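Accompanying notes for the structure given below.
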Amino acid sequence: MNNYNYTVENKFITYAKIDTEADPNSTTFPSSMKQKDLGKLLVNELTEMGVSHVEMDEWGYVFGTIPSNIDKKVPTICFCAHLDTAPDCSGKNVKPIVHRKWDGSPITLPDDNTQVITTEKHPYLKEKIGDDIITASGLTLLGADDKAGVACIMDFANYCMTNPDYKHGEIRILFTPDEEVGRGVDHLDMAKVNADYGYTLDGGVLGSIEDESFSADAVKITINGISAHPGYAKNKLVHSIKVASDFIDRLPKDSWSPETTEGREGFVHPTSIKGELESTVITFIIRDHITAKLKTYEDRLEALLQETISNYPGVTASFEVTEQYRNMKEVIQTVPFVTDYAIEAMTNAGVEPKPVIIRGGTDGSRLSFMGLPCPNLFTGEMAIHSKHEYVSVQDMQKAVNTMVELISIWAEKG
Ligand SMILES: [Zn+2]
């Protein structure tokens with residue numbers, strides 16, 4: 001890639017300025033129609049580059065194909081990134097600022113000078129001194145999550161289309177809406193994706209590769225109390241809110257929660273409680289990297305519930321478990337070379353590979369179970385979903401290098 005003129009920085013800045021904030025309260029798909037504004041631009045750019053089968057479908061998914069230029073039949077690889085930004089922080093009027101050859105001094109964001117990005121708050125930045133760092137201006141997020149991924153894929157496409165000597169199998173490009181509100185693959189037509197293996201470009205630190213996520217269930221508990229007129233309730237009324245409080249109080253205080261676990265430890269986490277005299281509903285999320293452990297947590301939670309209500313005669317409760325997503329490793333370990341090739345590609349691109357386990361899920365977890373084994377690769381996006389969000393241009397360029405090396409490995413080894 002010696003003399004290649006990267007387009008990733010300019011593309012990123014263009015995409016970051018387009019508001020694509022997802023709306024968790026919307027019932028439409030995509031959740032906000034403005035996500036299609038970026039989709040349309042990408043369709044135009046891909047078409048101009050000469051990429052084949054470019055389309056945006058009614059749901060806002062963008063597809064494109066870079067046809068194979070080798071005789072040998074090798075697997076079709078899909079690169080995927082998401083168009084939307086997180087609703088946690090405004091995505092309106094994003095003003096990206098490039099801090100060229102950043103010298104390591106604190107970055108005060110001009111539109112709100114209380115927003116100061118420092119190496120103390122963001123230790124990864126210590127490794128980025130001398131890089132070109134892009135930030136927002138203080139009032140919004142930057143949207144590097146995941147416009148860094150979008151820009152890397154677009155620059156990779158540009159590299160393929162402008163370097164006919166670069167040998168590769170068929171490559172599929174996929175951009176999805178609504179990842180941030182957990183619906184990113186809800187309407188995705190896998191027949192249209194039509195690839196053998198995939199990679200999402202939505203990871204953080206240089207060299208990170210994630211092929212292991214949480215497995216996730218949700219639990220809904222309903223506690224039914226006994227209502228009576230409060231003036232005449234003696235020895236009759238049993239308040240469901242008080243039973244619910246007693247139950248919550250029995251949860252372990254020093255383990256089992258997000259605030260007491262890390263690494264491979266799972267947790268049981270109440271996410272909402274809503275109640276009145278007669279009935280109270282509590283929802284939980286249950287997380288672990290080992291799917292079988294979810295059942296152990298759920299059994300223990302249910303036992304705590306039964307133990308609680310046994311102290312309140314006449315009170316009843318229900319306990320409903322819903323599956324959310326599963327650890328993508330269960331799929332990827334059947335095709336370990338998908339991860340191995342990515343690690344080899346990083347090494348070839350001069351990037352030190354850093355396998356990380358995700359304490360959460362990604363679209364890749366769901367795609368893996370939909371038939372597209374799909375680890376997540378770094379883009380350099382950092383401090384995501386916040387006004388401090390930043391990305392290093394050089395990290396994005398190295399992600400492009402990694403993609404180029406990765407596709408060479410697939411072309412060679414099939
Ligand atoms: Zn993301």
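In the structure tokens, the first chain shown is A, the next is B, and so on; residue numbers restart at 1 for each chain, and ligands run from 1 in the order shown.
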Which of stretch 87-304 of chain A end up as strand (DSSP E) when DSSP is run on this backbone - answer as an MDAnalysis selection string?
chainID A and resid 97:99 107:108 116:117 133:135 171:176 197:203 208:212 215:224 267:275 279:288
Which of stretch 288-326 of chain A DSSP labels helix (DSSP H, G or I), written as a ChimeraX atom specification:
/A:291-309
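Near ligand 1, at distances of 9 Å or less and with only C-alpha atoms and all ligand atoms counted, sit the residues Ala81, His82, Leu83, Asp84, Thr85, Ala86, Gly143, Ala144, Asp145, Asp146, Lys147, Gly149, Glu179, Glu180, Leu201, Asp202, Gly203, Thr362, Asp363, Glu381 and Ile384 of chain A.
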Taking 6 positions as the minimum chain separation for residues in the same chain, which residues sit within 12 Å of A:Ile358 when counting only C-alpha atoms? Answer as a list in words.
Asp202, Gly203, Gly204, Ser208, Ile209, Glu210, Asp211, Glu212, Ser213, Phe214, Ser215, Glu262, Gly263, Arg264, Glu265, Gly266, Arg287, Asp288, His289, Arg326, Asn327, Met328, Lys329, Gly364, Ser365, Pro375, Asn376 and Leu377 of chain A
Contact check, stretch 41-125 of chain A to stretch 7-23 of chain A, at most 9 Å, counting only C-alpha atoms, closest pairs as a tab-separated table:
```
residue	atom	partner	partner_atom	distance
A:Leu41	CA	A:Tyr15	CA	8.7
A:Leu83	CA	A:Thr20	CA	6.8
A:Asp84	CA	A:Thr20	CA	4.9
A:Thr85	CA	A:Glu21	CA	4.7
A:Ala86	CA	A:Glu21	CA	6.0
A:Pro87	CA	A:Ala22	CA	5.7
A:Cys89	CA	A:Glu21	CA	8.8
A:Ser90	CA	A:Glu21	CA	7.3
A:Gly91	CA	A:Asp19	CA	5.5
A:Lys92	CA	A:Asp19	CA	5.3
A:Asn93	CA	A:Lys17	CA	6.4
A:Val94	CA	A:Lys17	CA	5.1
A:Lys95	CA	A:Lys17	CA	6.4
A:Pro96	CA	A:Ile13	CA	6.2
A:Ile97	CA	A:Ile13	CA	8.6
```
Please, could you write that set of residues out with all heavy atoms as a CSV table (one decimal), in the first residue's frame?
```
chain,number,residue,atom,x,y,z
A,41,LEU,N,-25.8,9.0,0.2
A,41,LEU,CA,-24.5,9.5,-0.1
A,41,LEU,C,-23.5,8.3,-0.4
A,41,LEU,O,-22.8,8.3,-1.4
A,41,LEU,CB,-23.9,10.3,1.0
A,41,LEU,CG,-22.5,10.8,0.8
A,41,LEU,CD1,-22.4,11.9,-0.2
A,41,LEU,CD2,-21.9,11.3,2.1
A,83,LEU,N,-24.7,2.7,10.3
A,83,LEU,CA,-24.8,4.1,9.8
A,83,LEU,C,-25.2,5.0,11.0
A,83,LEU,O,-25.0,6.2,11.0
A,83,LEU,CB,-26.0,4.2,8.8
A,83,LEU,CG,-25.8,3.4,7.5
A,83,LEU,CD1,-27.1,3.2,6.8
A,83,LEU,CD2,-24.7,4.0,6.7
A,84,ASP,N,-25.9,4.5,12.0
A,84,ASP,CA,-26.6,5.3,13.0
A,84,ASP,C,-25.6,5.7,14.1
A,84,ASP,O,-24.5,5.1,14.3
A,84,ASP,CB,-27.8,4.6,13.6
A,84,ASP,CG,-27.4,3.3,14.3
A,84,ASP,OD1,-26.7,2.5,13.7
A,84,ASP,OD2,-27.8,3.1,15.4
A,85,THR,N,-25.9,6.7,14.9
A,85,THR,CA,-25.1,7.1,16.1
A,85,THR,C,-26.1,6.9,17.3
A,85,THR,O,-27.3,6.9,17.2
A,85,THR,CB,-24.6,8.5,16.1
A,85,THR,OG1,-25.6,9.5,16.0
A,85,THR,CG2,-23.6,8.7,14.9
A,86,ALA,N,-25.4,6.8,18.5
A,86,ALA,CA,-26.1,6.5,19.7
A,86,ALA,C,-27.0,7.7,20.2
A,86,ALA,O,-26.6,8.9,20.1
A,86,ALA,CB,-25.2,6.2,20.8
A,87,PRO,N,-28.2,7.4,20.6
A,87,PRO,CA,-29.1,8.5,21.1
A,87,PRO,C,-28.7,9.1,22.5
A,87,PRO,O,-29.3,10.1,22.9
A,87,PRO,CB,-30.5,7.9,21.2
A,87,PRO,CG,-30.2,6.4,21.3
A,87,PRO,CD,-28.9,6.1,20.7
A,89,CYS,N,-26.3,10.9,23.2
A,89,CYS,CA,-25.6,12.2,23.1
A,89,CYS,C,-26.0,12.8,21.7
A,89,CYS,O,-26.0,12.0,20.8
A,89,CYS,CB,-24.1,12.0,23.2
A,89,CYS,SG,-23.1,13.4,23.2
A,90,SER,N,-26.2,14.1,21.6
A,90,SER,CA,-26.7,14.6,20.4
A,90,SER,C,-25.8,14.4,19.2
A,90,SER,O,-24.6,14.4,19.3
A,90,SER,CB,-26.9,16.2,20.5
A,90,SER,OG,-27.2,16.7,19.3
A,91,GLY,N,-26.4,14.1,18.1
A,91,GLY,CA,-25.7,13.9,16.8
A,91,GLY,C,-26.0,15.0,15.8
A,91,GLY,O,-25.7,14.9,14.6
A,92,LYS,N,-26.6,16.1,16.3
A,92,LYS,CA,-27.0,17.2,15.4
A,92,LYS,C,-25.9,18.2,15.2
A,92,LYS,O,-25.3,18.6,16.2
A,92,LYS,CB,-28.2,17.8,16.0
A,92,LYS,CG,-29.1,18.5,15.0
A,92,LYS,CD,-30.3,19.2,15.7
A,92,LYS,CE,-31.2,19.9,14.8
A,92,LYS,NZ,-32.5,19.3,14.7
A,93,ASN,N,-25.6,18.7,14.0
A,93,ASN,CA,-24.6,19.7,13.7
A,93,ASN,C,-23.2,19.3,14.3
A,93,ASN,O,-22.6,20.1,14.9
A,93,ASN,CB,-25.0,21.0,14.3
A,93,ASN,CG,-26.2,21.6,13.5
A,93,ASN,OD1,-26.2,21.5,12.3
A,93,ASN,ND2,-27.1,22.3,14.3
A,94,VAL,N,-22.8,18.1,14.0
A,94,VAL,CA,-21.5,17.7,14.4
A,94,VAL,C,-20.4,18.5,13.7
A,94,VAL,O,-20.5,18.6,12.4
A,94,VAL,CB,-21.3,16.2,14.3
A,94,VAL,CG1,-19.9,15.7,14.6
A,94,VAL,CG2,-22.3,15.4,15.1
A,95,LYS,N,-19.5,19.1,14.4
A,95,LYS,CA,-18.4,19.8,13.7
A,95,LYS,C,-17.1,19.1,14.0
A,95,LYS,O,-16.4,19.4,15.0
A,95,LYS,CB,-18.4,21.3,14.2
A,95,LYS,CG,-19.5,22.1,13.8
A,95,LYS,CD,-19.3,23.6,14.2
A,95,LYS,CE,-20.4,24.0,15.2
A,95,LYS,NZ,-20.0,25.3,15.8
A,96,PRO,N,-16.6,18.2,13.1
A,96,PRO,CA,-15.4,17.5,13.4
A,96,PRO,C,-14.2,18.5,13.3
A,96,PRO,O,-14.1,19.3,12.4
A,96,PRO,CB,-15.3,16.5,12.3
A,96,PRO,CG,-16.6,16.5,11.6
A,96,PRO,CD,-17.2,17.8,11.9
A,97,ILE,N,-13.2,18.3,14.2
A,97,ILE,CA,-12.0,19.1,14.3
A,97,ILE,C,-10.8,18.2,14.2
A,97,ILE,O,-10.7,17.3,15.0
A,97,ILE,CB,-12.0,20.0,15.5
A,97,ILE,CG1,-13.2,20.9,15.7
A,97,ILE,CG2,-10.7,20.8,15.6
A,97,ILE,CD1,-13.3,21.6,17.0
```
Neighbours of stretch 158-162 of chain A within 12 Å (only C-alpha atoms; same-chain residues fewer than 5 positions away dropped), as JSON, numbers by chain?
{"A": [1, 2, 3, 4, 5, 6, 7, 8, 11, 45, 46, 47, 48, 49, 50, 51, 52, 65, 66, 67, 68, 69, 151, 152, 153, 167, 168, 169, 170, 171, 397, 400, 401, 403, 404, 405, 407, 408]}
Please produce a file of those selected residues containing N, CA, C and O atoms, as a compact mmCIF listing (two decimals), in the first residue's frame.
```txt
# COMPACT_ATOMS: atom_id res chain seq x y z
N MET A 1 0.84 -1.21 0.00
CA MET A 1 0.00 0.00 0.00
C MET A 1 0.87 1.25 0.00
O MET A 1 0.39 2.32 0.35
N ASN A 2 2.15 1.07 -0.40
CA ASN A 2 3.14 2.12 -0.19
C ASN A 2 2.74 3.53 -0.60
O ASN A 2 2.81 4.46 0.19
N ASN A 3 2.30 3.70 -1.85
CA ASN A 3 2.03 5.07 -2.29
C ASN A 3 0.54 5.42 -2.29
O ASN A 3 0.14 6.35 -2.95
N TYR A 4 -0.21 4.66 -1.55
CA TYR A 4 -1.67 4.88 -1.57
C TYR A 4 -2.05 6.18 -0.86
O TYR A 4 -1.57 6.46 0.23
N ASN A 5 -2.89 6.96 -1.52
CA ASN A 5 -3.43 8.19 -0.93
C ASN A 5 -4.73 7.86 -0.20
O ASN A 5 -5.77 7.75 -0.83
N TYR A 6 -4.64 7.74 1.10
CA TYR A 6 -5.84 7.37 1.87
C TYR A 6 -6.95 8.40 1.70
O TYR A 6 -6.68 9.61 1.68
N THR A 7 -8.18 7.92 1.64
CA THR A 7 -9.33 8.83 1.58
C THR A 7 -10.12 8.79 2.89
O THR A 7 -11.14 9.45 3.03
N VAL A 8 -9.63 8.01 3.85
CA VAL A 8 -10.43 7.72 5.04
C VAL A 8 -10.72 8.96 5.89
O VAL A 8 -11.81 9.13 6.40
N LYS A 11 -13.35 11.22 4.06
CA LYS A 11 -14.63 10.53 4.07
C LYS A 11 -15.23 10.58 5.47
O LYS A 11 -16.41 10.89 5.64
N GLU A 45 -21.43 7.39 -3.76
CA GLU A 45 -19.97 7.25 -3.78
C GLU A 45 -19.55 5.87 -4.29
O GLU A 45 -18.60 5.75 -5.06
N LEU A 46 -20.25 4.84 -3.85
CA LEU A 46 -19.91 3.48 -4.29
C LEU A 46 -20.13 3.35 -5.80
O LEU A 46 -19.31 2.75 -6.52
N THR A 47 -21.24 3.93 -6.28
CA THR A 47 -21.54 3.87 -7.72
C THR A 47 -20.46 4.59 -8.51
O THR A 47 -19.96 4.07 -9.51
N GLU A 48 -20.07 5.79 -8.02
CA GLU A 48 -19.01 6.54 -8.70
C GLU A 48 -17.70 5.78 -8.75
O GLU A 48 -16.96 5.85 -9.72
N MET A 49 -17.41 5.03 -7.67
CA MET A 49 -16.17 4.25 -7.65
C MET A 49 -16.20 3.10 -8.65
O MET A 49 -15.17 2.54 -8.98
N GLY A 50 -17.40 2.70 -9.08
CA GLY A 50 -17.53 1.58 -9.99
C GLY A 50 -17.83 0.26 -9.29
O GLY A 50 -17.70 -0.82 -9.88
N VAL A 51 -18.23 0.32 -8.04
CA VAL A 51 -18.64 -0.88 -7.30
C VAL A 51 -19.95 -1.41 -7.91
O VAL A 51 -20.79 -0.62 -8.38
N SER A 52 -20.12 -2.74 -7.94
CA SER A 52 -21.30 -3.35 -8.58
C SER A 52 -22.45 -3.55 -7.60
O SER A 52 -22.23 -3.58 -6.39
N THR A 65 -21.07 -4.70 -4.15
CA THR A 65 -20.21 -5.86 -4.42
C THR A 65 -18.96 -5.42 -5.16
O THR A 65 -19.06 -4.69 -6.15
N ILE A 66 -17.81 -5.87 -4.67
CA ILE A 66 -16.58 -5.72 -5.46
C ILE A 66 -16.30 -7.12 -6.01
O ILE A 66 -15.99 -8.05 -5.26
N PRO A 67 -16.47 -7.28 -7.33
CA PRO A 67 -16.35 -8.63 -7.90
C PRO A 67 -14.92 -9.16 -7.79
O PRO A 67 -13.97 -8.39 -7.75
N SER A 68 -14.83 -10.47 -7.76
CA SER A 68 -13.52 -11.14 -7.71
C SER A 68 -12.73 -10.82 -8.97
O SER A 68 -13.29 -10.67 -10.05
N ASN A 69 -11.40 -10.69 -8.82
CA ASN A 69 -10.55 -10.54 -10.00
C ASN A 69 -9.50 -11.66 -10.08
O ASN A 69 -8.44 -11.48 -10.64
N ALA A 151 -16.16 4.77 7.10
CA ALA A 151 -15.10 5.42 6.30
C ALA A 151 -13.99 4.43 5.95
O ALA A 151 -13.45 4.45 4.84
N CYS A 152 -13.64 3.52 6.88
CA CYS A 152 -12.60 2.51 6.60
C CYS A 152 -13.05 1.59 5.46
O CYS A 152 -12.27 1.29 4.55
N ILE A 153 -14.31 1.17 5.51
CA ILE A 153 -14.80 0.27 4.45
C ILE A 153 -14.83 1.01 3.11
O ILE A 153 -14.44 0.45 2.07
N LYS A 167 -5.15 -8.32 -5.85
CA LYS A 167 -5.91 -9.54 -6.16
C LYS A 167 -6.82 -9.93 -4.99
O LYS A 167 -6.37 -10.00 -3.84
N HIS A 168 -8.06 -10.20 -5.31
CA HIS A 168 -9.02 -10.50 -4.25
C HIS A 168 -10.19 -11.32 -4.78
O HIS A 168 -10.49 -11.28 -5.98
N GLY A 169 -10.84 -12.05 -3.88
CA GLY A 169 -12.10 -12.72 -4.20
C GLY A 169 -13.24 -11.72 -4.15
O GLY A 169 -13.02 -10.50 -4.09
N GLU A 170 -14.47 -12.25 -4.16
CA GLU A 170 -15.63 -11.34 -4.12
C GLU A 170 -15.77 -10.74 -2.72
O GLU A 170 -15.64 -11.43 -1.71
N ILE A 171 -16.04 -9.43 -2.70
CA ILE A 171 -16.19 -8.72 -1.42
C ILE A 171 -17.58 -8.09 -1.40
O ILE A 171 -18.00 -7.46 -2.38
N GLN A 397 -6.37 4.46 9.23
CA GLN A 397 -5.56 4.02 8.08
C GLN A 397 -5.05 2.59 8.30
O GLN A 397 -5.03 1.77 7.39
N VAL A 400 -7.63 0.15 7.52
CA VAL A 400 -7.72 -0.07 6.07
C VAL A 400 -6.62 -1.04 5.63
O VAL A 400 -6.87 -2.00 4.90
N ASN A 401 -5.39 -0.81 6.12
CA ASN A 401 -4.28 -1.73 5.80
C ASN A 401 -4.63 -3.16 6.19
O ASN A 401 -4.35 -4.12 5.46
N MET A 403 -7.55 -4.53 6.48
CA MET A 403 -8.55 -5.10 5.56
C MET A 403 -7.89 -5.56 4.26
O MET A 403 -8.21 -6.62 3.73
N VAL A 404 -6.96 -4.74 3.76
CA VAL A 404 -6.26 -5.09 2.51
C VAL A 404 -5.48 -6.39 2.71
O VAL A 404 -5.57 -7.32 1.89
N GLU A 405 -4.75 -6.50 3.83
CA GLU A 405 -3.98 -7.72 4.11
C GLU A 405 -4.91 -8.92 4.31
O GLU A 405 -4.62 -10.03 3.86
N ILE A 407 -7.92 -9.51 3.10
CA ILE A 407 -8.51 -10.01 1.86
C ILE A 407 -7.45 -10.74 1.02
O ILE A 407 -7.75 -11.73 0.34
N SER A 408 -6.18 -10.29 1.11
CA SER A 408 -5.09 -11.02 0.42
C SER A 408 -4.96 -12.43 0.99
O SER A 408 -4.75 -13.39 0.24
```
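Shortest atom-to-atom contact with A:Phe247 among A:Ala148, A:Leu277, A:Ile309, A:Met190: A:Ile309, counting only C-alpha atoms.
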Shortest contact to A:Leu294, candidates A:Ala411, A:Thr118, A:Asp103, A:Ala216, atoms counted only C-alpha atoms, goes to A:Ala216
Skip A:Gly138 itself and residues of its chain fewer than 2 positions away, then list as JSON, numbers by chain all residues within 12 Å of it, counting only C-alpha atoms.
{"A": [89, 90, 91, 92, 93, 94, 95, 96, 97, 107, 108, 109, 110, 111, 112, 113, 114, 115, 116, 117, 135, 136, 140, 141, 142, 386, 387, 388, 389, 390]}
Would you pick out the contacts of A:Lys398 at 9 Å or less, using only C-alpha atoms, so that residues sharing its chain but fewer than 4 positions from it are not included, and give the list as a VMD selection string?
chain A and resid 206 to 207 346 349 to 351 379 393 to 394 402 to 403
Filtering to N, CA, C and O atoms, could you give me those residues as a compact mmCIF listing (two decimals), in the first residue's frame?
```txt
# COMPACT_ATOMS: atom_id res chain seq x y z
N LEU A 206 -6.43 0.25 18.60
CA LEU A 206 -5.62 -0.32 17.52
C LEU A 206 -5.30 -1.78 17.81
O LEU A 206 -4.79 -2.11 18.88
N GLY A 207 -5.60 -2.64 16.87
CA GLY A 207 -5.27 -4.06 16.99
C GLY A 207 -6.33 -4.90 17.67
O GLY A 207 -6.23 -6.12 17.72
N MET A 346 -3.33 -8.44 10.71
CA MET A 346 -2.82 -7.33 11.53
C MET A 346 -1.31 -7.40 11.60
O MET A 346 -0.62 -6.39 11.43
N ALA A 349 0.18 -6.16 8.64
CA ALA A 349 0.01 -4.71 8.48
C ALA A 349 0.81 -3.94 9.53
O ALA A 349 0.70 -2.72 9.64
N GLY A 350 1.61 -4.66 10.33
CA GLY A 350 2.44 -4.01 11.34
C GLY A 350 1.66 -3.55 12.56
O GLY A 350 2.05 -2.63 13.26
N VAL A 351 0.53 -4.23 12.81
CA VAL A 351 -0.31 -3.88 13.95
C VAL A 351 -0.28 -5.04 14.94
O VAL A 351 -0.39 -6.19 14.54
N THR A 379 -11.28 0.10 14.73
CA THR A 379 -11.29 1.26 13.82
C THR A 379 -10.59 2.46 14.45
O THR A 379 -10.33 3.45 13.78
N VAL A 393 -6.64 9.40 12.99
CA VAL A 393 -6.63 9.15 11.54
C VAL A 393 -5.71 7.96 11.22
O VAL A 393 -6.04 7.10 10.41
N GLN A 394 -4.58 7.92 11.93
CA GLN A 394 -3.62 6.84 11.66
C GLN A 394 -4.18 5.47 12.06
O GLN A 394 -3.91 4.47 11.40
N THR A 402 -5.22 -3.30 7.39
CA THR A 402 -5.57 -4.63 7.89
C THR A 402 -6.58 -5.30 6.96
O THR A 402 -6.45 -6.49 6.65
N MET A 403 -7.55 -4.53 6.48
CA MET A 403 -8.55 -5.10 5.56
C MET A 403 -7.89 -5.56 4.26
O MET A 403 -8.21 -6.62 3.73
```
Shell of 12 Å around A:Pro313, only C-alpha atoms, local chain residues under 5 positions omitted, as a VMD selection string
chain A and resid 224 to 226 235 to 239 243 306 to 308
Those residues with N, CA and C atoms, as a short mmCIF file (atom, residue, chain, number, x, y, z; two decimals), in the first residue's frame please?
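What ended up in out.cif:
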```cif
data_model
loop_
_atom_site.label_atom_id
_atom_site.label_comp_id
_atom_site.auth_asym_id
_atom_site.auth_seq_id
_atom_site.Cartn_x
_atom_site.Cartn_y
_atom_site.Cartn_z
N ASN A 224 -47.65 -10.06 42.49
CA ASN A 224 -49.05 -9.68 42.71
C ASN A 224 -49.34 -9.61 44.20
N GLY A 225 -49.61 -8.40 44.70
CA GLY A 225 -49.97 -8.20 46.11
C GLY A 225 -51.47 -8.39 46.33
N ILE A 226 -51.94 -7.95 47.48
CA ILE A 226 -53.37 -8.07 47.78
C ILE A 226 -53.87 -6.67 48.13
N ASN A 235 -54.72 -6.27 58.39
CA ASN A 235 -54.65 -7.72 58.24
C ASN A 235 -55.14 -8.25 56.88
N LYS A 236 -55.33 -7.33 55.92
CA LYS A 236 -55.77 -7.79 54.59
C LYS A 236 -54.74 -7.42 53.52
N LEU A 237 -54.36 -6.11 53.54
CA LEU A 237 -53.55 -5.59 52.43
C LEU A 237 -52.11 -6.14 52.48
N VAL A 238 -51.60 -6.57 51.31
CA VAL A 238 -50.16 -6.87 51.17
C VAL A 238 -49.66 -6.07 49.97
N HIS A 239 -48.74 -5.16 50.23
CA HIS A 239 -48.32 -4.21 49.20
C HIS A 239 -47.26 -4.81 48.28
N VAL A 243 -43.12 -5.88 48.89
CA VAL A 243 -42.58 -7.24 48.64
C VAL A 243 -41.43 -7.15 47.64
N GLN A 306 -38.95 -16.82 45.30
CA GLN A 306 -39.86 -17.72 46.01
C GLN A 306 -39.68 -17.60 47.53
N GLU A 307 -38.39 -17.51 47.93
CA GLU A 307 -38.06 -17.36 49.34
C GLU A 307 -38.70 -16.06 49.90
N THR A 308 -38.65 -14.99 49.07
CA THR A 308 -39.23 -13.72 49.51
C THR A 308 -40.75 -13.83 49.67
#
```
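With only C-alpha atoms as the atoms that count, the minimum distance from A:Lys293 to the choices A:Asp132, A:Tyr312, A:Pro24, A:Phe267 is reached by A:Phe267.
Atom CA of A:Ala233 lies 24.5 Å from atom CA of A:Ile273.
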With distances taken over only C-alpha atoms, the candidate from A:Val150, A:Val181, A:Ile241, A:Ala317 nearest A:Thr222 is A:Ala317
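Straight-line separation from atom CA of A:Ser31 to atom CA of A:Gly182: 10.7 Å.
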